[in-house]
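Q: What follows is the file start_31.cif, containing mmCIF, C-alpha atoms:
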```
data_target
#
loop_
_atom_site.label_atom_id
_atom_site.label_comp_id
_atom_site.auth_asym_id
_atom_site.auth_seq_id
_atom_site.Cartn_x
_atom_site.Cartn_y
_atom_site.Cartn_z
CA MET A 120 -8.96 -31.47 20.36
CA LEU A 121 -6.31 -30.60 17.78
CA GLN A 122 -7.00 -33.75 15.79
CA PRO A 123 -8.46 -34.15 12.29
CA HIS A 124 -12.26 -34.49 12.37
CA SER A 125 -12.48 -33.22 15.95
CA LEU A 126 -15.31 -30.83 16.82
CA LEU A 127 -12.95 -27.85 16.60
CA TRP A 128 -11.67 -29.05 13.21
CA HIS A 129 -15.26 -29.22 11.85
CA TYR A 130 -16.12 -25.83 13.31
CA LEU A 131 -13.02 -24.09 11.95
CA TRP A 132 -13.64 -25.45 8.48
CA ILE A 133 -17.35 -24.71 8.28
CA GLY A 134 -17.87 -21.85 10.78
CA PRO A 135 -16.03 -19.16 8.78
CA GLN A 136 -17.83 -20.24 5.60
CA VAL A 137 -21.23 -19.83 7.29
CA LEU A 138 -20.16 -16.39 8.55
CA GLN A 139 -18.88 -15.58 5.05
CA GLY A 140 -22.29 -16.48 3.57
CA VAL A 141 -24.03 -14.31 6.17
CA LEU A 142 -21.64 -11.43 5.37
CA ALA A 143 -22.41 -11.79 1.65
CA LEU A 144 -26.13 -11.61 2.48
CA PHE A 145 -25.64 -8.40 4.50
CA LEU A 146 -23.52 -6.87 1.74
CA TRP A 147 -26.25 -7.69 -0.76
CA ARG A 148 -29.01 -6.19 1.40
CA ARG A 149 -27.02 -3.03 2.08
CA GLY A 150 -25.95 -2.63 -1.54
CA VAL A 151 -22.24 -2.70 -0.63
CA TYR A 152 -21.67 -5.48 -3.20
CA ARG A 153 -21.92 -2.84 -5.95
CA PHE A 154 -18.68 -1.20 -4.70
CA PHE A 155 -16.80 -4.48 -4.25
CA PRO A 156 -18.14 -6.92 -6.89
CA PHE A 157 -15.02 -9.12 -6.94
CA PHE A 158 -14.93 -9.33 -3.15
CA PHE A 159 -18.63 -10.22 -3.15
CA ALA A 160 -17.97 -12.92 -5.78
CA TYR A 161 -15.07 -14.17 -3.64
CA LEU A 162 -17.31 -14.47 -0.56
CA ILE A 163 -19.92 -16.48 -2.42
CA PHE A 164 -17.54 -18.64 -4.42
CA GLY A 165 -15.24 -19.23 -1.41
CA ALA A 166 -18.14 -20.37 0.79
CA ALA A 167 -19.56 -22.63 -1.95
CA GLU A 168 -16.11 -24.09 -2.68
CA GLN A 169 -15.37 -24.89 0.96
CA PHE A 170 -18.83 -26.39 1.59
CA THR A 171 -18.29 -28.65 -1.44
CA LEU A 172 -14.79 -29.66 -0.31
CA TYR A 173 -16.01 -30.28 3.24
CA THR A 174 -18.84 -32.49 1.99
CA MET A 175 -16.42 -34.38 -0.26
CA ASP A 176 -14.02 -34.82 2.66
CA VAL A 177 -16.58 -36.28 5.06
CA LEU A 178 -18.35 -38.49 2.50
CA PRO A 179 -16.61 -41.89 2.42
CA SER A 180 -17.82 -42.55 -1.15
CA VAL A 181 -15.67 -39.70 -2.54
CA SER A 182 -12.18 -40.80 -3.56
CA THR A 183 -9.03 -38.91 -2.58
CA GLU A 184 -8.32 -38.22 -6.24
CA ALA A 185 -11.77 -36.70 -6.80
CA PHE A 186 -11.30 -34.49 -3.72
CA TRP A 187 -7.95 -33.16 -4.90
CA LYS A 188 -9.22 -32.59 -8.43
CA ALA A 189 -12.04 -30.48 -7.01
CA PHE A 190 -9.50 -28.73 -4.78
CA TRP A 191 -7.39 -27.91 -7.86
CA ALA A 192 -10.32 -26.51 -9.83
CA GLY A 193 -11.51 -24.45 -6.86
CA SER A 194 -8.03 -23.06 -6.18
CA ILE A 195 -7.57 -21.91 -9.78
CA ILE A 196 -10.92 -20.11 -9.93
CA GLU A 197 -10.44 -18.62 -6.45
CA GLY A 198 -6.95 -17.44 -7.46
CA ALA A 199 -8.39 -15.58 -10.45
CA ILE A 200 -11.08 -13.93 -8.29
CA LYS A 201 -8.42 -12.87 -5.75
CA PHE A 202 -6.53 -11.02 -8.49
CA GLY A 203 -9.79 -9.23 -9.23
CA VAL A 204 -10.11 -8.29 -5.54
CA ILE A 205 -6.57 -6.86 -5.52
CA GLY A 206 -7.40 -4.79 -8.63
CA GLU A 207 -10.59 -3.63 -6.94
CA LEU A 208 -8.76 -2.52 -3.77
CA PHE A 209 -6.17 -0.67 -5.85
CA PHE A 210 -8.94 1.02 -7.84
CA HIS A 211 -10.55 2.23 -4.58
CA LEU A 212 -7.18 3.53 -3.40
CA LEU A 213 -6.48 5.52 -6.59
CA ARG A 214 -10.02 6.44 -7.66
CA SER A 215 -9.90 9.98 -6.31
CA ARG A 216 -6.16 10.42 -6.85
CA PRO A 217 -5.62 10.75 -10.62
CA ALA A 218 -2.20 12.34 -10.02
CA ILE A 219 -0.64 8.97 -9.19
CA ALA A 220 -3.08 6.63 -10.93
CA LYS A 221 -0.83 6.01 -13.94
CA LEU A 222 2.28 5.55 -11.82
CA GLY A 223 0.36 3.25 -9.46
CA SER A 224 -0.93 1.08 -12.32
CA ARG A 225 2.58 0.72 -13.74
CA LEU A 226 4.07 -0.08 -10.35
CA ILE A 227 1.48 -2.71 -9.44
CA SER A 228 1.86 -4.35 -12.87
CA GLY A 229 5.63 -4.46 -12.39
CA ALA A 230 5.29 -5.74 -8.83
CA GLY A 231 2.81 -8.40 -9.99
CA ALA A 232 5.17 -9.59 -12.72
CA ALA A 233 8.10 -9.69 -10.27
CA PHE A 234 6.12 -11.72 -7.72
CA VAL A 235 4.95 -14.15 -10.42
CA LEU A 236 8.60 -14.74 -11.42
CA LEU A 237 9.52 -15.21 -7.76
CA ALA A 238 6.66 -17.69 -7.29
CA VAL A 239 7.70 -19.64 -10.40
CA ALA A 240 11.32 -19.77 -9.19
CA ALA A 241 10.16 -20.95 -5.74
CA ALA A 242 7.94 -23.61 -7.36
CA ALA A 243 10.85 -24.85 -9.47
CA TYR A 244 12.93 -25.41 -6.34
CA THR A 245 10.14 -27.06 -4.33
CA PRO A 246 10.60 -30.82 -3.98
CA MET A 247 7.82 -33.39 -4.48
CA ALA A 248 7.10 -33.86 -0.79
CA HIS A 249 4.02 -36.08 -1.14
CA ARG A 250 3.78 -39.53 -2.72
CA GLN A 251 0.75 -38.50 -4.74
CA VAL A 252 1.71 -36.07 -7.49
CA LEU A 253 -1.74 -34.44 -7.55
CA ILE A 254 -1.48 -33.50 -3.86
CA SER A 255 2.12 -32.36 -4.11
CA ARG A 256 1.36 -30.12 -7.05
CA ALA A 257 -1.74 -28.73 -5.37
CA HIS A 258 0.46 -27.65 -2.44
CA VAL A 259 2.96 -26.04 -4.82
CA LEU A 260 0.14 -24.29 -6.68
CA LEU A 261 -1.12 -22.76 -3.44
CA GLN A 262 2.38 -21.82 -2.31
CA SER A 263 2.89 -19.98 -5.62
CA SER A 264 -0.52 -18.34 -5.51
CA TYR A 265 0.01 -17.02 -1.98
CA VAL A 266 3.53 -15.75 -2.76
CA VAL A 267 1.94 -13.48 -5.41
CA ASP A 268 -1.08 -12.55 -3.27
CA CYS A 269 0.99 -11.78 -0.18
CA GLY A 270 3.48 -9.75 -2.23
CA LEU A 271 0.73 -7.69 -3.83
CA ALA A 272 -0.99 -7.11 -0.47
CA LEU A 273 2.31 -5.87 0.94
CA PHE A 274 2.76 -3.65 -2.12
CA LEU A 275 -0.71 -2.12 -1.61
CA PHE A 276 0.06 -1.20 2.00
CA LEU A 277 3.53 0.14 1.18
CA PHE A 278 2.21 2.21 -1.73
CA ALA A 279 -0.54 3.75 0.41
CA ALA A 280 1.92 4.44 3.23
CA HIS A 281 4.51 6.04 0.95
CA PHE A 282 1.99 8.48 -0.51
CA LYS A 283 0.20 8.90 2.86
CA LEU A 284 -3.08 7.85 1.26
CA ILE A 285 -6.04 7.37 3.57
CA TRP A 286 -7.91 4.15 2.77
CA ASN A 287 -11.64 3.92 2.46
CA HIS A 288 -12.82 2.25 5.73
CA GLN A 289 -14.32 -0.81 4.00
CA ALA A 290 -11.49 -1.27 1.49
CA PHE A 291 -9.02 -1.03 4.38
CA GLY A 292 -10.85 -3.81 6.25
CA ILE A 293 -10.86 -6.07 3.19
CA ALA A 294 -7.16 -5.40 2.54
CA LEU A 295 -6.21 -5.96 6.19
CA GLY A 296 -8.11 -9.27 6.37
CA PHE A 297 -6.57 -10.53 3.16
CA GLY A 298 -3.13 -9.20 4.12
CA ILE A 299 -3.13 -11.23 7.36
CA VAL A 300 -4.56 -14.41 5.88
CA TRP A 301 -2.39 -14.38 2.74
CA CYS A 302 0.82 -13.97 4.74
CA GLU A 303 -0.12 -16.83 7.06
CA HIS A 304 -1.29 -19.04 4.17
CA MET A 305 1.95 -18.36 2.27
CA ALA A 306 3.99 -19.64 5.21
CA ALA A 307 1.69 -22.61 5.90
CA TRP A 308 1.48 -23.79 2.27
CA ALA A 309 5.26 -23.38 1.87
CA LEU A 310 5.72 -25.70 4.86
CA SER A 311 3.22 -28.19 3.37
CA ALA A 312 4.70 -28.02 -0.13
CA ASN A 313 8.23 -28.57 1.18
CA GLY A 314 7.23 -31.51 3.34
CA ALA A 315 7.80 -29.90 6.73
CA TRP A 316 5.67 -31.37 9.52
CA LEU A 317 4.54 -34.08 7.09
CA GLU A 318 3.36 -36.29 9.97
CA LYS A 319 1.45 -33.51 11.68
CA SER A 320 0.36 -31.53 8.63
CA TYR A 321 -3.18 -31.39 10.04
CA LEU A 322 -1.87 -28.83 12.56
CA LEU A 323 -1.31 -26.46 9.64
CA ASP A 324 -4.99 -26.93 8.73
CA PHE A 325 -5.91 -25.66 12.20
CA VAL A 326 -3.64 -22.62 11.82
CA ASN A 327 -5.01 -21.91 8.32
CA THR A 328 -8.66 -22.21 9.26
CA ALA A 329 -8.27 -20.28 12.53
CA THR A 330 -6.52 -17.42 10.73
CA TYR A 331 -9.21 -17.40 8.07
CA HIS A 332 -11.84 -17.24 10.82
CA LEU A 333 -10.09 -14.16 12.24
CA CYS A 334 -10.00 -12.66 8.76
CA VAL A 335 -13.77 -13.12 8.29
CA LEU A 336 -14.38 -11.45 11.67
CA ILE A 337 -12.20 -8.49 10.55
CA TRP A 338 -14.35 -8.18 7.40
CA PHE A 339 -17.50 -8.28 9.52
CA TYR A 340 -16.21 -5.41 11.65
CA TYR A 341 -15.01 -3.17 8.82
CA LEU A 342 -17.86 -3.85 6.40
CA LEU A 343 -20.82 -3.82 8.79
CA VAL A 344 -19.84 -1.56 11.72
CA PRO A 345 -20.17 2.11 10.68
CA GLN A 346 -16.95 4.11 10.59
CA LYS A 347 -16.32 6.43 13.53
CA SER A 348 -16.24 9.94 12.16
CA ALA A 349 -12.66 11.18 11.92
CA THR A 350 -11.72 14.68 13.02
CA THR A 351 -12.96 16.82 10.19
CA SER A 352 -12.79 20.17 11.94
CA ALA A 353 -10.89 22.93 10.23
CA VAL A 354 -7.21 22.02 10.12
CA SER A 355 -5.18 24.42 12.21
CA LEU A 356 -2.70 26.18 9.98
CA PRO A 357 0.64 27.66 10.98
CA GLU A 358 1.31 31.31 11.46
CA ASN A 359 1.03 33.85 8.71
CA ASN A 360 3.70 34.68 6.20
CA LEU A 361 1.72 34.43 3.00
CA ASP A 362 2.70 37.92 1.94
CA ILE A 363 6.37 36.97 1.98
CA TRP A 364 5.64 33.76 0.14
CA ASN A 365 3.64 35.63 -2.50
CA ARG A 366 6.44 38.15 -2.99
CA GLU A 367 8.95 35.30 -3.33
CA LEU A 368 6.74 33.54 -5.87
CA GLU A 369 6.30 36.70 -7.90
CA ARG A 370 10.06 37.26 -7.85
CA LEU A 371 10.63 33.69 -9.05
CA LEU A 372 8.02 33.97 -11.76
CA HIS A 373 9.54 37.17 -13.12
CA GLN A 374 13.12 35.90 -13.26
CA MET B 1433 13.25 -27.26 3.54
CA ASN B 1434 15.55 -24.25 3.26
CA LEU B 1435 13.10 -22.73 0.79
CA ALA B 1436 10.26 -23.24 3.28
CA ILE B 1437 12.25 -21.44 5.98
CA VAL B 1438 12.97 -18.53 3.61
CA ILE B 1439 9.28 -18.25 2.67
CA VAL B 1440 8.15 -18.48 6.32
CA ILE B 1441 10.57 -15.69 7.29
CA ALA B 1442 9.40 -13.59 4.33
CA ALA B 1443 5.77 -14.17 5.34
CA ALA B 1444 6.47 -13.18 8.94
CA LEU B 1445 8.23 -9.99 7.81
CA ALA B 1446 5.41 -9.13 5.38
CA LEU B 1447 2.80 -9.71 8.10
CA GLY B 1448 4.75 -7.52 10.54
CA ILE B 1449 5.00 -4.70 7.99
CA ILE B 1450 1.32 -4.94 7.04
CA LEU B 1451 0.18 -4.88 10.68
CA ARG B 1452 2.47 -1.96 11.49
CA LEU B 1453 1.26 0.03 8.47
CA ALA B 1454 -2.35 -0.83 9.30
CA VAL B 1455 -1.97 0.51 12.85
CA THR B 1456 -0.26 3.66 11.53
CA GLN B 1457 -3.05 4.13 8.98
CA SER B 1458 -5.75 3.74 11.65
CA LEU B 1459 -4.07 6.30 13.89
CA GLN B 1460 -3.51 8.65 10.93
CA ALA B 1461 -7.18 8.51 9.94
CA ARG B 1462 -8.23 9.53 13.46
CA ARG B 1463 -5.68 12.33 13.90
CA SER B 1464 -6.02 15.12 11.39
CA THR B 1465 -5.26 18.06 13.64
CA ASP B 1466 -1.82 19.67 13.95
CA LEU B 1467 -0.90 18.42 10.48
CA ALA B 1468 -0.02 21.82 9.14
CA VAL B 1469 2.28 22.40 12.12
CA SER B 1470 4.51 19.59 10.80
CA ILE B 1471 5.14 21.54 7.59
CA ARG B 1472 8.68 22.93 7.59
CA PRO B 1473 9.35 26.03 5.52
CA ILE B 1474 11.91 25.63 2.73
CA ASP B 1475 14.31 28.25 1.49
CA ILE B 1476 13.31 27.74 -2.11
CA GLU B 1477 15.77 30.29 -3.45
CA ALA B 1478 18.74 28.54 -1.85
CA PHE B 1479 17.48 25.26 -3.27
CA ARG B 1480 17.14 26.82 -6.71
CA ASN B 1481 20.77 27.96 -6.49
CA LEU B 1482 21.86 24.48 -5.48
CA ILE B 1483 20.27 22.86 -8.52
CA ASN B 1484 21.33 25.52 -10.98
CA PRO B 1485 23.33 23.73 -13.73
CA ALA B 1486 25.19 26.98 -14.51
CA GLU B 1487 26.64 27.02 -10.98
CA ASP B 1488 27.79 23.42 -11.37
CA GLU B 1489 29.38 24.27 -14.69
CA TYR B 1490 31.11 27.29 -13.15
CA LEU B 1491 32.53 25.14 -10.33
CA ARG B 1492 33.58 22.44 -12.81
CA CYS B 1493 35.59 25.01 -14.81
CA ARG B 1494 37.16 26.67 -11.77
CA LEU B 1495 38.05 23.72 -9.54
CA PRO B 1496 40.42 20.79 -10.04
CA ALA B 1497 38.54 17.56 -10.89
CA ASN B 1498 38.96 15.84 -7.51
CA HIS B 1499 38.09 19.02 -5.60
CA PHE B 1500 35.04 19.53 -7.82
CA ARG B 1501 33.79 16.00 -7.05
CA GLY B 1502 34.03 16.71 -3.31
CA VAL B 1503 32.18 20.03 -3.63
CA ARG B 1504 29.58 18.45 -5.91
CA ARG B 1505 28.94 15.69 -3.36
CA GLU B 1506 28.46 18.28 -0.62
CA ARG B 1507 25.99 20.16 -2.83
CA LEU B 1508 24.15 16.90 -3.62
CA ARG B 1509 23.86 16.06 0.09
CA ALA B 1510 22.43 19.51 0.75
CA MET B 1511 20.04 19.01 -2.18
CA ALA B 1512 18.92 15.67 -0.73
CA ALA B 1513 18.23 17.35 2.61
CA TYR B 1514 16.02 19.94 0.89
CA VAL B 1515 14.18 17.30 -1.15
CA HIS B 1516 13.59 15.25 2.03
CA VAL B 1517 11.90 18.26 3.63
CA ALA B 1518 9.86 18.89 0.44
CA ALA B 1519 8.77 15.22 0.46
CA SER B 1520 7.80 15.40 4.11
CA ASN B 1521 5.86 18.63 3.49
CA ALA B 1522 4.11 17.01 0.52
CA ALA B 1523 3.08 14.09 2.75
CA ALA B 1524 1.70 16.48 5.38
CA LEU B 1525 -0.14 18.42 2.67
CA VAL B 1526 -1.73 15.22 1.30
CA ARG B 1527 -3.15 14.63 4.77
CA VAL B 1528 -4.22 18.27 5.21
CA GLY B 1529 -5.96 18.07 1.82
CA GLU B 1530 -7.61 14.74 2.55
CA ALA B 1531 -8.85 16.02 5.91
CA ALA B 1532 -10.33 19.07 4.16
CA LEU B 1533 -11.99 16.99 1.42
CA ALA B 1534 -14.87 16.20 3.76
CA SER B 1535 -15.70 19.90 4.00
CA GLY B 1536 -19.27 20.83 3.15
CA ASP B 1537 -18.06 23.95 1.32
CA ALA B 1538 -17.69 23.12 -2.40
CA ARG B 1539 -14.89 25.69 -2.88
CA VAL B 1540 -12.86 24.23 0.02
CA ALA B 1541 -13.43 20.68 -1.26
CA GLU B 1542 -12.30 21.69 -4.75
CA ALA B 1543 -9.17 23.41 -3.42
CA ALA B 1544 -8.49 20.39 -1.20
CA GLN B 1545 -8.75 18.02 -4.18
CA GLN B 1546 -6.33 20.22 -6.13
CA LEU B 1547 -3.96 20.30 -3.16
CA VAL B 1548 -4.05 16.50 -2.80
CA ASN B 1549 -3.29 16.03 -6.51
CA ASP B 1550 -0.43 18.55 -6.52
CA ALA B 1551 1.04 17.21 -3.29
CA LEU B 1552 0.91 13.63 -4.61
CA LEU B 1553 2.72 14.72 -7.77
CA LEU B 1554 5.31 16.50 -5.65
CA ARG B 1555 5.70 13.38 -3.50
CA ARG B 1556 6.20 11.31 -6.66
CA ASN B 1557 8.74 13.80 -8.04
CA THR B 1558 10.68 13.96 -4.78
CA THR B 1559 10.96 10.16 -4.79
CA VAL B 1560 12.40 10.23 -8.32
CA ALA B 1561 14.61 13.23 -7.50
CA LEU B 1562 16.03 11.51 -4.40
CA ALA B 1563 16.82 8.41 -6.45
CA ARG B 1564 18.66 10.59 -8.98
CA ILE B 1565 20.50 12.53 -6.26
CA TYR B 1566 21.77 9.33 -4.65
CA LEU B 1567 22.79 8.05 -8.09
CA ALA B 1568 24.62 11.31 -8.73
CA LEU B 1569 26.34 11.01 -5.33
CA ALA B 1570 27.93 7.80 -6.58
CA TRP B 1571 28.70 9.46 -9.92
CA PRO B 1572 29.30 13.16 -9.19
CA ASN B 1573 30.31 14.09 -12.75
CA SER B 1574 26.91 13.12 -14.18
CA GLY B 1575 24.35 15.82 -15.03
CA PHE B 1576 21.38 16.27 -12.77
CA ALA B 1577 18.20 18.33 -12.83
CA ALA B 1578 15.67 18.68 -10.02
CA VAL B 1579 13.93 21.62 -11.61
CA ARG B 1580 10.61 19.76 -11.77
CA VAL B 1581 10.66 19.36 -7.99
CA VAL B 1582 11.02 23.12 -7.56
CA GLU B 1583 8.27 23.85 -10.06
CA ARG B 1584 5.97 21.32 -8.41
CA TYR B 1585 6.77 22.68 -4.95
CA GLU B 1586 5.81 26.18 -6.03
CA ARG B 1587 2.55 24.90 -7.46
CA VAL B 1588 1.70 22.92 -4.33
CA SER B 1589 2.51 25.95 -2.21
CA GLY B 1590 0.08 28.03 -4.26
CA THR B 1591 -2.68 25.44 -3.85
CA ALA B 1592 -2.03 25.14 -0.11
CA MET B 1593 -2.29 28.90 0.22
CA LEU B 1594 -5.62 28.88 -1.61
CA LEU B 1595 -6.95 26.12 0.64
CA GLY B 1596 -5.66 27.94 3.73
CA ARG B 1597 -7.39 31.12 2.67
CA LEU B 1598 -10.66 29.33 1.99
CA GLN B 1599 -10.60 27.47 5.30
CA ASN B 1600 -9.40 30.26 7.49
CA PRO B 1601 -8.69 33.63 5.86
CA ALA B 1602 -7.00 34.89 9.04
CA LEU B 1603 -4.39 32.13 9.21
CA PRO B 1604 -2.61 31.53 5.94
CA VAL B 1605 0.02 28.84 5.32
CA ARG B 1606 3.78 29.22 5.44
CA LEU B 1607 5.66 26.83 3.17
CA SER B 1608 8.84 28.67 2.39
CA VAL B 1609 11.18 31.13 4.03
CA ARG B 1610 12.66 34.26 2.66
CA LEU B 1611 16.36 34.40 1.91
#
```
Could you express the structure from this file as C-alpha cells?
A:
Amino acid sequence: MLQPHSLLWHYLWIGPQVLQGVLALFLWRRGVYRFFPFFFAYLIFGAAEQFTLYTMDVLPSVSTEAFWKAFWAGSIIEGAIKFGVIGELFFHLLRSRPAIAKLGSRLISGAGAAFVLLAVAAAAYTPMAHRQVLISRAHVLLQSSYVVDCGLALFLFLFAAHFKLIWNHQAFGIALGFGIVWCEHMAAWALSANGAWLEKSYLLDFVNTATYHLCVLIWFYYLLVPQKSATTSAVSLPENNLDIWNRELERLLHQ
Amino acid sequence: MNLAIVIVIAAALALGIILRLAVTQSLQARRSTDLAVSIRPIDIEAFRNLINPAEDEYLRCRLPANHFRGVRRERLRAMAAYVHVAASNAAALVRVGEAALASGDARVAEAAQQLVNDALLLRRNTTVALARIYLALAWPNSGFAAVRVVERYERVSGTAMLLGRLQNPALPVRLSVRL
C-alpha cells in the first residue's frame, strides 16, 4: 500500500487538490475570496500546479528533466504566493490594532530577513544528495523555502500570543493549516535534500501528501463551518474602587 | 545529515509551539468571562518612586559604589516585578476590550477599541521596559527610565474605567491601589 503509484499514493496526491478546487469554488460563491485574495490564488494555483505535475508524472512520454523543470517553476511561483498569504494573515491580525501595526511590520520584516539568512546558510551546508543536479537543487530550494515559511508561521503565532490578540476565525484556520503543513514539509524536505532515506524517499511523499490532506480539511472546517459565537455577555468587572483610583490619578496629574 | 537532524528537531519544536498556541487561542476565544478578575491592582505611587531618577541619584551620592550597586539591583528587581504585573494586566485588558468590541452599543465599542489600543501600547512598552530592566541588572550603574510605562498605565487605567462605566455603571474597575 505504501508504494509509489499505489492507490493510496494516487489518492493522496490528487484527493487534496480536488478538495482544494472545491474549497476555492465555495470561497468564490460565498465571496470570502475578497478577504483572502492571496490564499484564494494559492488554492487555485496549487491545485493547477499539482494536477499538471501529476499528469506529467504518470505520462510515460514526459521526461524526468521536463518534470523537474516544471516542478522548479511551480515551486518558485507558489513560494511567492505563500509570502503573499503570510502578509495577508498578518494584515488581518493587525488591521484593527493600529497601536502595534508599525511595530508588527518592523518585527515581521526583521524576522523574514533573519529566516532568509538562516535558509541560505542551511542551503550552503546541504550536500548534493542526488546524482541529478536539477533534482538535488529542487530539494534544497524547497528546504530553504519551508525554513522561511515555517519560521514566519511560528512568528505569527508567537506575536499573536504575546499581545493576546484574538485571531479572526477564518484567518486562524488558514494560519493553523499552513503552520502544520509548513513545519512537516520543512522536516521532510530537509531529509530529502540531505539524502536521508534516499532508498525509501517515497515514504516522505506519503507523509507530505497526507499532512497536506489534513491541512486542506482544516481549511474546510475553518472557512466553511460558521464560527460558534463566543461569550460576548458583559464582562464581569472587579469590585469598586474607582473613586480612590480617580483621586490617585488627580494627585498624580497635579504633581 | 547532521543538518537534516537539526532542521527536523527545529520543525518538531515549531510544530509543538504552534499547536500549543493554537489550542490556547481556541480556549481563549471561547472564555471571555472572569477576565477582569485576573487584573491585579498596582501601587502606582510606589512604582513611581522606584523609577524616580532623583532617588537613584540620591542613593548614588550617599552610598559606597558596591553598596549602591546592590541596592540598585534590588530596586530593579522590584521594578521588574511591577512591570510584570502591568504587562499581565495589559494582556487581560486586551482580552476584556476585545470581548467588549462585539457590543451593539456604539459607545461601548468605541471605548473598547480605545482600551485595546492603549493596552497593546502598554504591553509593547512593558516588553521594552523589561528588556531595559534586565540590561540594567547586568549593568547597575547605567541610567534607566520607565516613565513611559507609568504614563501608559495611567492612560490604560482611564480607558478601562470608561469602558467599565459604560458596560456596568454599578461595577467600576480597580487597577491600582492606594498607598
Q: Could you state which residues are captured by the PyMOL selection byres ((chain B and resi 1447-1449) around 8) in this file, as a PyMOL selection string?
A: (chain A and resi 273+298-299+302-303) or (chain B and resi 1443-1446+1450-1453)
Q: Care to translate the PyMOL selection byres ((chain B and resi 1545) around 12) into actual residues of this file, as a CSV table (one decimal) with C-alpha atoms, in the frame of the given file?
A:
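The new file out28.csv reads:
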```csv
chain,number,residue,atom,x,y,z
A,215,SER,CA,-9.9,10.0,-6.3
A,216,ARG,CA,-6.2,10.4,-6.8
A,217,PRO,CA,-5.6,10.8,-10.6
A,218,ALA,CA,-2.2,12.3,-10.0
B,1525,LEU,CA,-0.1,18.4,2.7
B,1526,VAL,CA,-1.7,15.2,1.3
B,1527,ARG,CA,-3.2,14.6,4.8
B,1528,VAL,CA,-4.2,18.3,5.2
B,1529,GLY,CA,-6.0,18.1,1.8
B,1530,GLU,CA,-7.6,14.7,2.6
B,1531,ALA,CA,-8.8,16.0,5.9
B,1532,ALA,CA,-10.3,19.1,4.2
B,1533,LEU,CA,-12.0,17.0,1.4
B,1534,ALA,CA,-14.9,16.2,3.8
B,1535,SER,CA,-15.7,19.9,4.0
B,1538,ALA,CA,-17.7,23.1,-2.4
B,1539,ARG,CA,-14.9,25.7,-2.9
B,1540,VAL,CA,-12.9,24.2,0.0
B,1541,ALA,CA,-13.4,20.7,-1.3
B,1542,GLU,CA,-12.3,21.7,-4.8
B,1543,ALA,CA,-9.2,23.4,-3.4
B,1544,ALA,CA,-8.5,20.4,-1.2
B,1546,GLN,CA,-6.3,20.2,-6.1
B,1547,LEU,CA,-4.0,20.3,-3.2
B,1548,VAL,CA,-4.0,16.5,-2.8
B,1549,ASN,CA,-3.3,16.0,-6.5
B,1550,ASP,CA,-0.4,18.6,-6.5
B,1551,ALA,CA,1.0,17.2,-3.3
B,1552,LEU,CA,0.9,13.6,-4.6
B,1588,VAL,CA,1.7,22.9,-4.3
B,1591,THR,CA,-2.7,25.4,-3.8
B,1592,ALA,CA,-2.0,25.1,-0.1
B,1594,LEU,CA,-5.6,28.9,-1.6
B,1595,LEU,CA,-7.0,26.1,0.6
```
Q: Which residues would end up in the selection if the PyMOL selection byres ((chain A and resi 132-149) around 9) were applied here, given that I need the answer as an NGL selection string?
A: :A and (127-131 or 150-153 or 159-160 or 162-163 or 165-167 or 169-170 or 173 or 324-325 or 328-329 or 331-336 or 338-339 or 342-343)
Q: Counting all atoms listed in the file, which residues have an atom no more than 12 Å from (7.2, -25.6, 4.3) in the file's coordinates? Please list them as a VMD selection string.
A: (chain A and resid 241 to 242 245 to 248 255 258 to 259 261 to 262 303 to 317 320 323) or (chain B and resid 1433 to 1441 1443)
Q: Those same residues, written as an mmCIF file, in the frame of the given file with C-alpha atoms?
A:
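What follows is the written file result.cif:
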```
data_model
loop_
_atom_site.group_PDB
_atom_site.id
_atom_site.type_symbol
_atom_site.label_atom_id
_atom_site.label_comp_id
_atom_site.auth_asym_id
_atom_site.auth_seq_id
_atom_site.Cartn_x
_atom_site.Cartn_y
_atom_site.Cartn_z
ATOM 1 C CA ALA A 241 10.160 -20.950 -5.740
ATOM 2 C CA ALA A 242 7.940 -23.610 -7.360
ATOM 3 C CA THR A 245 10.140 -27.060 -4.330
ATOM 4 C CA PRO A 246 10.600 -30.820 -3.980
ATOM 5 C CA MET A 247 7.820 -33.390 -4.480
ATOM 6 C CA ALA A 248 7.100 -33.860 -0.790
ATOM 7 C CA SER A 255 2.120 -32.360 -4.110
ATOM 8 C CA HIS A 258 0.460 -27.650 -2.440
ATOM 9 C CA VAL A 259 2.960 -26.040 -4.820
ATOM 10 C CA LEU A 261 -1.120 -22.760 -3.440
ATOM 11 C CA GLN A 262 2.380 -21.820 -2.310
ATOM 12 C CA GLU A 303 -0.120 -16.830 7.060
ATOM 13 C CA HIS A 304 -1.290 -19.040 4.170
ATOM 14 C CA MET A 305 1.950 -18.360 2.270
ATOM 15 C CA ALA A 306 3.990 -19.640 5.210
ATOM 16 C CA ALA A 307 1.690 -22.610 5.900
ATOM 17 C CA TRP A 308 1.480 -23.790 2.270
ATOM 18 C CA ALA A 309 5.260 -23.380 1.870
ATOM 19 C CA LEU A 310 5.720 -25.700 4.860
ATOM 20 C CA SER A 311 3.220 -28.190 3.370
ATOM 21 C CA ALA A 312 4.700 -28.020 -0.130
ATOM 22 C CA ASN A 313 8.230 -28.570 1.180
ATOM 23 C CA GLY A 314 7.230 -31.510 3.340
ATOM 24 C CA ALA A 315 7.800 -29.900 6.730
ATOM 25 C CA TRP A 316 5.670 -31.370 9.520
ATOM 26 C CA LEU A 317 4.540 -34.080 7.090
ATOM 27 C CA SER A 320 0.360 -31.530 8.630
ATOM 28 C CA LEU A 323 -1.310 -26.460 9.640
ATOM 29 C CA MET B 1433 13.250 -27.260 3.540
ATOM 30 C CA ASN B 1434 15.550 -24.250 3.260
ATOM 31 C CA LEU B 1435 13.100 -22.730 0.790
ATOM 32 C CA ALA B 1436 10.260 -23.240 3.280
ATOM 33 C CA ILE B 1437 12.250 -21.440 5.980
ATOM 34 C CA VAL B 1438 12.970 -18.530 3.610
ATOM 35 C CA ILE B 1439 9.280 -18.250 2.670
ATOM 36 C CA VAL B 1440 8.150 -18.480 6.320
ATOM 37 C CA ILE B 1441 10.570 -15.690 7.290
ATOM 38 C CA ALA B 1443 5.770 -14.170 5.340
#
```
Q: Between B:Ser1458, B:Arg1492, B:Pro1473, B:Glu1506, which residue has the minimum interatomic distance to A:Tyr341, considering only C-alpha atoms?
A: B:Ser1458
Q: Got a sec: who's within 10 Å of stretch 176-185 of chain A, counting all atoms listed in the file, leaving out chain neighbours fewer than 5 positions off, as a count of residues only?
A: 9
